[in-house]
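Peer 1: Quick one: the structure is below, and I'll ask about it shortly.
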Amino acid sequence: MIEIKGIIPPIITPMNEDETINEQELRNQVNRLIGAGVHGIFPFGTNGEGYILNEQEKEKVLSIVIEETGGRVPVYAGCGCIGTKDTIRMSRKAKALGADILSIITPSFAAASQSELYEHYRTVAQAVDIPIVLYNIPARTGNTLAPATVAKLADIDNIVGAKDSSGNFDNMLQYIERTRNKAFTVLSGNDSLILWNLLAGGGGGIAGCANVYPENMVAIYEKFAAGDLEGARKAQDAIRSFRNCFKYGNPNTIVKTAVAMLGYPVGKCRAPFNQISQEGLDAIHKVLTENKEAGLR
């Protein structure tokens, strides 16, 4: 079994001006992140604009990432769809392409009961023999995976973890508490809570900020693992100024804009989610400049 741990960037999807996939820059970003010491790569998550890529584009992105990664770190594939049938189809395709782990977001738009969510994940897990990480992000999907449901799902052999992006530390803590004696890992989907996730017994984080500051984000985990809690705390605190820029727009739009400002030709997010005010752009530039002077990478 692959160990679910560390800092896993939801890698951005570089695009050309016509919004097609920039394959060469995607390969460059894979190598940049692995070179910084990340513990996995997660294509077409929220920061990878998985919500706006069509099925053929997802297949292309995943194939490129798997090929370029070359087994150096595990590849997590976002396969969640609104329907169970479509989620199974996408999961089987990801497995066939060579993904190591599936990240399956909760169904969205229509309200789902906890019983419906349990049956959705149970059915998918039975249909595809590959490790699955649950993905809870209620602000985006409208559906919440309750701690009791996560604990029940953790009893299914190939459901091996959960990413909690609720931003509610107590919710994530309950995930950890209820699965502590199971072969199950809880990851933080909120970059500000990674160290606290680790202190509580979690495994790390799927960290959007790792697209901007991969070495710093890796340091949170590595310093914690080495027993350097002060160093881990400093690395955790270091991203506060950048995260404060999220008030200026969609967080993944802020992240992709910042990566572009660092000099990488990743393009903009796909329309209509690609606008930031001049005030926001100025704020991002100021933070990047200050962090560069402070040696943040």
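Please note that chains go A, B, ... in the order of the structure tokens, that every chain numbers its residues from 1, and that ligands are numbered from 1 in the order shown.
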Give me the stretch 177-262 of chain A side of the contact with stretch 91-108 of chain A, cut-off 12 Å, one line per residue showing its nearest atom pair and distance in Å at one decimal, counting only C-alpha atoms, sorted by chain and residue number, as CSV.
Peer 2:
residue,atom,partner,partner_atom,distance
A:Leu187,CA,A:Ser103,CA,11.5
A:Gly189,CA,A:Ile105,CA,11.9
A:Ile206,CA,A:Ser103,CA,10.6
Peer 1: Dump all heavy atoms for the selected residues as an mmCIF file, in the first residue's frame?
Peer 2:
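Everything below was put into part_11.cif:
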data_model
loop_
_atom_site.group_PDB
_atom_site.id
_atom_site.type_symbol
_atom_site.label_atom_id
_atom_site.label_comp_id
_atom_site.auth_asym_id
_atom_site.auth_seq_id
_atom_site.Cartn_x
_atom_site.Cartn_y
_atom_site.Cartn_z
ATOM 1 N N LEU A 187 -5.758 14.300 5.712
ATOM 2 C CA LEU A 187 -4.941 15.383 5.173
ATOM 3 C C LEU A 187 -5.702 16.694 5.265
ATOM 4 O O LEU A 187 -6.922 16.732 5.065
ATOM 5 C CB LEU A 187 -4.592 15.109 3.709
ATOM 6 C CG LEU A 187 -3.782 13.849 3.412
ATOM 7 C CD1 LEU A 187 -3.778 13.575 1.914
ATOM 8 C CD2 LEU A 187 -2.358 13.982 3.927
ATOM 9 N N GLY A 189 -6.859 20.133 3.792
ATOM 10 C CA GLY A 189 -7.017 20.832 2.525
ATOM 11 C C GLY A 189 -6.914 22.333 2.694
ATOM 12 O O GLY A 189 -6.992 23.082 1.726
ATOM 13 N N ILE A 206 -2.862 18.503 1.318
ATOM 14 C CA ILE A 206 -2.923 18.753 -0.123
ATOM 15 C C ILE A 206 -2.961 20.273 -0.245
ATOM 16 O O ILE A 206 -3.983 20.908 0.009
ATOM 17 C CB ILE A 206 -4.139 18.069 -0.766
ATOM 18 C CG1 ILE A 206 -3.982 16.543 -0.626
ATOM 19 C CG2 ILE A 206 -4.279 18.476 -2.231
ATOM 20 C CD1 ILE A 206 -5.121 15.736 -1.203
#
Peer 1: As a ChimeraX atom specification, please: the residues near A:Val218 (cut-off 10 Å, only C-alpha atoms, same-chain neighbours under 3 positions excluded).
Peer 2: /A:6-9,33,36-39,204-205,207,210,213-215,221-224,232,235-236
Peer 1: Next, the residues of the selection above should be written as a PDB file, in the first residue's frame with N, CA, C and O atoms.
Peer 2:
ATOM      1  N   GLY A   6       2.576  13.638   3.855  1.00  0.00           N
ATOM      2  CA  GLY A   6       3.396  14.730   3.358  1.00  0.00           C
ATOM      3  C   GLY A   6       2.631  15.870   2.721  1.00  0.00           C
ATOM      4  O   GLY A   6       1.463  16.125   3.004  1.00  0.00           O
ATOM      5  N   ILE A   7       3.327  16.564   1.835  1.00  0.00           N
ATOM      6  CA  ILE A   7       2.776  17.714   1.117  1.00  0.00           C
ATOM      7  C   ILE A   7       2.529  17.304  -0.324  1.00  0.00           C
ATOM      8  O   ILE A   7       3.457  16.948  -1.055  1.00  0.00           O
ATOM      9  N   ILE A   8       1.272  17.341  -0.713  1.00  0.00           N
ATOM     10  CA  ILE A   8       0.869  16.942  -2.065  1.00  0.00           C
ATOM     11  C   ILE A   8       0.261  18.163  -2.761  1.00  0.00           C
ATOM     12  O   ILE A   8      -0.841  18.589  -2.411  1.00  0.00           O
ATOM     13  N   PRO A   9       0.941  18.779  -3.702  1.00  0.00           N
ATOM     14  CA  PRO A   9       0.375  19.940  -4.390  1.00  0.00           C
ATOM     15  C   PRO A   9      -0.742  19.542  -5.361  1.00  0.00           C
ATOM     16  O   PRO A   9      -0.562  18.606  -6.150  1.00  0.00           O
ATOM     17  N   LEU A  33       8.108  20.878  -8.855  1.00  0.00           N
ATOM     18  CA  LEU A  33       7.552  20.477  -7.573  1.00  0.00           C
ATOM     19  C   LEU A  33       8.281  19.269  -6.994  1.00  0.00           C
ATOM     20  O   LEU A  33       8.597  19.238  -5.801  1.00  0.00           O
ATOM     21  N   ALA A  36      11.492  20.152  -5.511  1.00  0.00           N
ATOM     22  CA  ALA A  36      11.386  20.834  -4.215  1.00  0.00           C
ATOM     23  C   ALA A  36      11.107  19.854  -3.080  1.00  0.00           C
ATOM     24  O   ALA A  36      11.069  20.261  -1.915  1.00  0.00           O
ATOM     25  N   GLY A  37      10.881  18.583  -3.427  1.00  0.00           N
ATOM     26  CA  GLY A  37      10.727  17.568  -2.389  1.00  0.00           C
ATOM     27  C   GLY A  37       9.314  17.182  -2.027  1.00  0.00           C
ATOM     28  O   GLY A  37       9.092  16.553  -0.987  1.00  0.00           O
ATOM     29  N   VAL A  38       8.329  17.532  -2.876  1.00  0.00           N
ATOM     30  CA  VAL A  38       6.945  17.190  -2.547  1.00  0.00           C
ATOM     31  C   VAL A  38       6.771  15.670  -2.479  1.00  0.00           C
ATOM     32  O   VAL A  38       7.553  14.904  -3.037  1.00  0.00           O
ATOM     33  N   HIS A  39       5.699  15.260  -1.812  1.00  0.00           N
ATOM     34  CA  HIS A  39       5.485  13.844  -1.535  1.00  0.00           C
ATOM     35  C   HIS A  39       4.429  13.212  -2.435  1.00  0.00           C
ATOM     36  O   HIS A  39       4.078  12.040  -2.260  1.00  0.00           O
ATOM     37  N   GLY A 204      -0.554  15.331   6.911  1.00  0.00           N
ATOM     38  CA  GLY A 204       0.014  16.410   6.104  1.00  0.00           C
ATOM     39  C   GLY A 204      -1.072  17.195   5.402  1.00  0.00           C
ATOM     40  O   GLY A 204      -2.132  17.454   5.976  1.00  0.00           O
ATOM     41  N   GLY A 205      -0.827  17.562   4.147  1.00  0.00           N
ATOM     42  CA  GLY A 205      -1.810  18.376   3.466  1.00  0.00           C
ATOM     43  C   GLY A 205      -1.713  18.338   1.957  1.00  0.00           C
ATOM     44  O   GLY A 205      -0.648  18.115   1.386  1.00  0.00           O
ATOM     45  N   ALA A 207      -1.806  20.843  -0.589  1.00  0.00           N
ATOM     46  CA  ALA A 207      -1.532  22.257  -0.348  1.00  0.00           C
ATOM     47  C   ALA A 207      -1.426  23.070  -1.626  1.00  0.00           C
ATOM     48  O   ALA A 207      -0.434  22.971  -2.354  1.00  0.00           O
ATOM     49  N   ALA A 210       1.660  25.158  -2.251  1.00  0.00           N
ATOM     50  CA  ALA A 210       2.879  24.482  -2.695  1.00  0.00           C
ATOM     51  C   ALA A 210       3.167  24.750  -4.160  1.00  0.00           C
ATOM     52  O   ALA A 210       4.298  24.555  -4.620  1.00  0.00           O
ATOM     53  N   TYR A 213       5.109  28.189  -3.243  1.00  0.00           N
ATOM     54  CA  TYR A 213       6.250  28.032  -2.341  1.00  0.00           C
ATOM     55  C   TYR A 213       6.454  26.556  -1.985  1.00  0.00           C
ATOM     56  O   TYR A 213       6.244  26.154  -0.830  1.00  0.00           O
ATOM     57  N   PRO A 214       6.840  25.742  -2.951  1.00  0.00           N
ATOM     58  CA  PRO A 214       6.937  24.306  -2.680  1.00  0.00           C
ATOM     59  C   PRO A 214       7.943  23.940  -1.603  1.00  0.00           C
ATOM     60  O   PRO A 214       7.666  23.072  -0.762  1.00  0.00           O
ATOM     61  N   GLU A 215       9.105  24.579  -1.598  1.00  0.00           N
ATOM     62  CA  GLU A 215      10.123  24.218  -0.600  1.00  0.00           C
ATOM     63  C   GLU A 215       9.653  24.567   0.811  1.00  0.00           C
ATOM     64  O   GLU A 215       9.874  23.814   1.763  1.00  0.00           O
ATOM     65  N   TYR A 221       6.224  19.827   6.755  1.00  0.00           N
ATOM     66  CA  TYR A 221       6.161  18.387   7.046  1.00  0.00           C
ATOM     67  C   TYR A 221       7.519  17.843   7.466  1.00  0.00           C
ATOM     68  O   TYR A 221       7.629  17.124   8.464  1.00  0.00           O
ATOM     69  N   GLU A 222       8.552  18.163   6.717  1.00  0.00           N
ATOM     70  CA  GLU A 222       9.866  17.573   6.981  1.00  0.00           C
ATOM     71  C   GLU A 222      10.427  18.016   8.335  1.00  0.00           C
ATOM     72  O   GLU A 222      11.027  17.214   9.064  1.00  0.00           O
ATOM     73  N   LYS A 223      10.247  19.273   8.669  1.00  0.00           N
ATOM     74  CA  LYS A 223      10.738  19.738   9.964  1.00  0.00           C
ATOM     75  C   LYS A 223       9.922  19.135  11.108  1.00  0.00           C
ATOM     76  O   LYS A 223      10.472  18.786  12.165  1.00  0.00           O
ATOM     77  N   PHE A 224       8.638  19.001  10.908  1.00  0.00           N
ATOM     78  CA  PHE A 224       7.820  18.336  11.921  1.00  0.00           C
ATOM     79  C   PHE A 224       8.274  16.889  12.108  1.00  0.00           C
ATOM     80  O   PHE A 224       8.450  16.426  13.243  1.00  0.00           O
ATOM     81  N   ALA A 232       9.079  24.008  11.891  1.00  0.00           N
ATOM     82  CA  ALA A 232       7.810  23.714  11.222  1.00  0.00           C
ATOM     83  C   ALA A 232       6.833  24.869  11.402  1.00  0.00           C
ATOM     84  O   ALA A 232       6.117  25.254  10.469  1.00  0.00           O
ATOM     85  N   ALA A 235       7.754  27.775   9.139  1.00  0.00           N
ATOM     86  CA  ALA A 235       7.360  27.509   7.749  1.00  0.00           C
ATOM     87  C   ALA A 235       5.854  27.655   7.583  1.00  0.00           C
ATOM     88  O   ALA A 235       5.372  28.176   6.566  1.00  0.00           O
ATOM     89  N   GLN A 236       5.111  27.212   8.592  1.00  0.00           N
ATOM     90  CA  GLN A 236       3.653  27.364   8.546  1.00  0.00           C
ATOM     91  C   GLN A 236       3.249  28.837   8.569  1.00  0.00           C
ATOM     92  O   GLN A 236       2.429  29.291   7.764  1.00  0.00           O
TER      93      GLN A 236
END
Peer 1: Quick one: of A:Val133, A:Val160, A:Ala183, A:Leu153, who's nearest to A:His120, counting only C-alpha atoms?
Peer 2: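 Checking each candidate against A:His120, we get A:Leu153 as the closest.
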Peer 1: Please determine, counting only C-alpha atoms, which residue among A:Glu57, A:Ala260, A:Glu293, A:Tyr248 has the shortest atom-to-atom distance to A:Gln278.
Peer 2: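 The closest residue to A:Gln278 is A:Tyr248.
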Peer 1: Apply DSSP to the backbone of this structure and, from stretch 20-130 of chain A, keep only the residues in alpha helix (DSSP H); write these as a PyMOL selection string.
Peer 2: chain A and resi 23-35+55-69+84-97+114-127
Peer 1: Determine which residues of stretch 37-285 of chain A receive a DSSP assignment of strand (DSSP E), computed from the backbone, and state them as number ranges by chain.
Peer 2: A: 76-78, 101-105, 132-136, 159-164, 185-188, 204-206
Peer 1: With distances taken over only C-alpha atoms, which residue among A:Gly167, A:Pro43, A:Gly249, A:Gly50 lies nearest A:Ser63?
Peer 2: A:Pro43
Peer 1: Sorted by chain and rising residue number, which residues of stretch 149-224 of chain A lie within 12 Å of stretch 137-144 of chain A, and what are their closest atom pairs and distances in Å to one decimal, counting only C-alpha atoms, as CSV?
Peer 2:
residue,atom,partner,partner_atom,distance
A:Thr149,CA,A:Thr144,CA,9.8
A:Val150,CA,A:Thr144,CA,10.4
A:Ala162,CA,A:Ile137,CA,10.7
A:Lys163,CA,A:Ile137,CA,8.4
A:Asp164,CA,A:Ile137,CA,6.6
A:Ser165,CA,A:Ile137,CA,4.7
A:Ser166,CA,A:Ile137,CA,5.2
A:Gly167,CA,A:Ile137,CA,8.6
A:Asn168,CA,A:Ile137,CA,10.4
A:Asn171,CA,A:Thr144,CA,10.1
A:Met172,CA,A:Ile137,CA,11.4
A:Ser188,CA,A:Ile137,CA,10.8
A:Gly189,CA,A:Ile137,CA,8.3
A:Asn190,CA,A:Ile137,CA,9.9
Peer 1: Please produce an output containing N, CA and C atoms for each residue in the selection, written as a short mmCIF file (atom, residue, chain, number, x, y, z; two decimals), in the first residue's frame.
Peer 2:
data_model
loop_
_atom_site.label_atom_id
_atom_site.label_comp_id
_atom_site.auth_asym_id
_atom_site.auth_seq_id
_atom_site.Cartn_x
_atom_site.Cartn_y
_atom_site.Cartn_z
N THR A 149 -19.75 9.54 9.10
CA THR A 149 -19.75 8.90 7.78
C THR A 149 -18.34 8.54 7.36
N VAL A 150 -17.39 9.43 7.62
CA VAL A 150 -15.99 9.16 7.30
C VAL A 150 -15.50 7.95 8.09
N ALA A 162 -8.76 10.86 3.87
CA ALA A 162 -9.69 11.94 3.57
C ALA A 162 -8.94 13.26 3.56
N LYS A 163 -9.30 14.09 2.61
CA LYS A 163 -8.82 15.47 2.57
C LYS A 163 -9.98 16.34 3.06
N ASP A 164 -9.72 17.10 4.12
CA ASP A 164 -10.76 17.98 4.64
C ASP A 164 -10.44 19.43 4.31
N SER A 165 -11.27 20.02 3.45
CA SER A 165 -11.11 21.42 3.07
C SER A 165 -12.25 22.27 3.61
N SER A 166 -12.85 21.80 4.70
CA SER A 166 -13.95 22.56 5.29
C SER A 166 -13.45 23.84 5.95
N GLY A 167 -12.17 23.86 6.36
CA GLY A 167 -11.65 25.00 7.10
C GLY A 167 -12.05 24.97 8.56
N ASN A 168 -12.81 23.95 8.95
CA ASN A 168 -13.26 23.78 10.32
C ASN A 168 -12.33 22.79 11.00
N ASN A 171 -13.86 19.76 12.72
CA ASN A 171 -14.32 18.71 11.80
C ASN A 171 -13.16 17.80 11.41
N MET A 172 -12.03 18.41 11.04
CA MET A 172 -10.85 17.62 10.68
C MET A 172 -10.36 16.82 11.88
N SER A 188 -4.98 17.77 5.54
CA SER A 188 -5.60 19.08 5.56
C SER A 188 -5.69 19.63 4.15
N GLY A 189 -6.86 20.13 3.79
CA GLY A 189 -7.02 20.83 2.53
C GLY A 189 -6.91 22.33 2.69
N ASN A 190 -6.76 22.77 3.94
CA ASN A 190 -6.56 24.18 4.25
C ASN A 190 -5.10 24.36 4.62
#
Peer 1: What's the separation between atom CA of A:Tyr175 and atom CA of A:Val73, in Å to one decimal place?
Peer 2: 25.3 Å
Peer 1: If I take atom CA of A:Pro10 and atom CA of A:Asn252, how far is one from the other in Å, to one decimal?
Peer 2: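 These atoms are spaced 9.9 Å apart.
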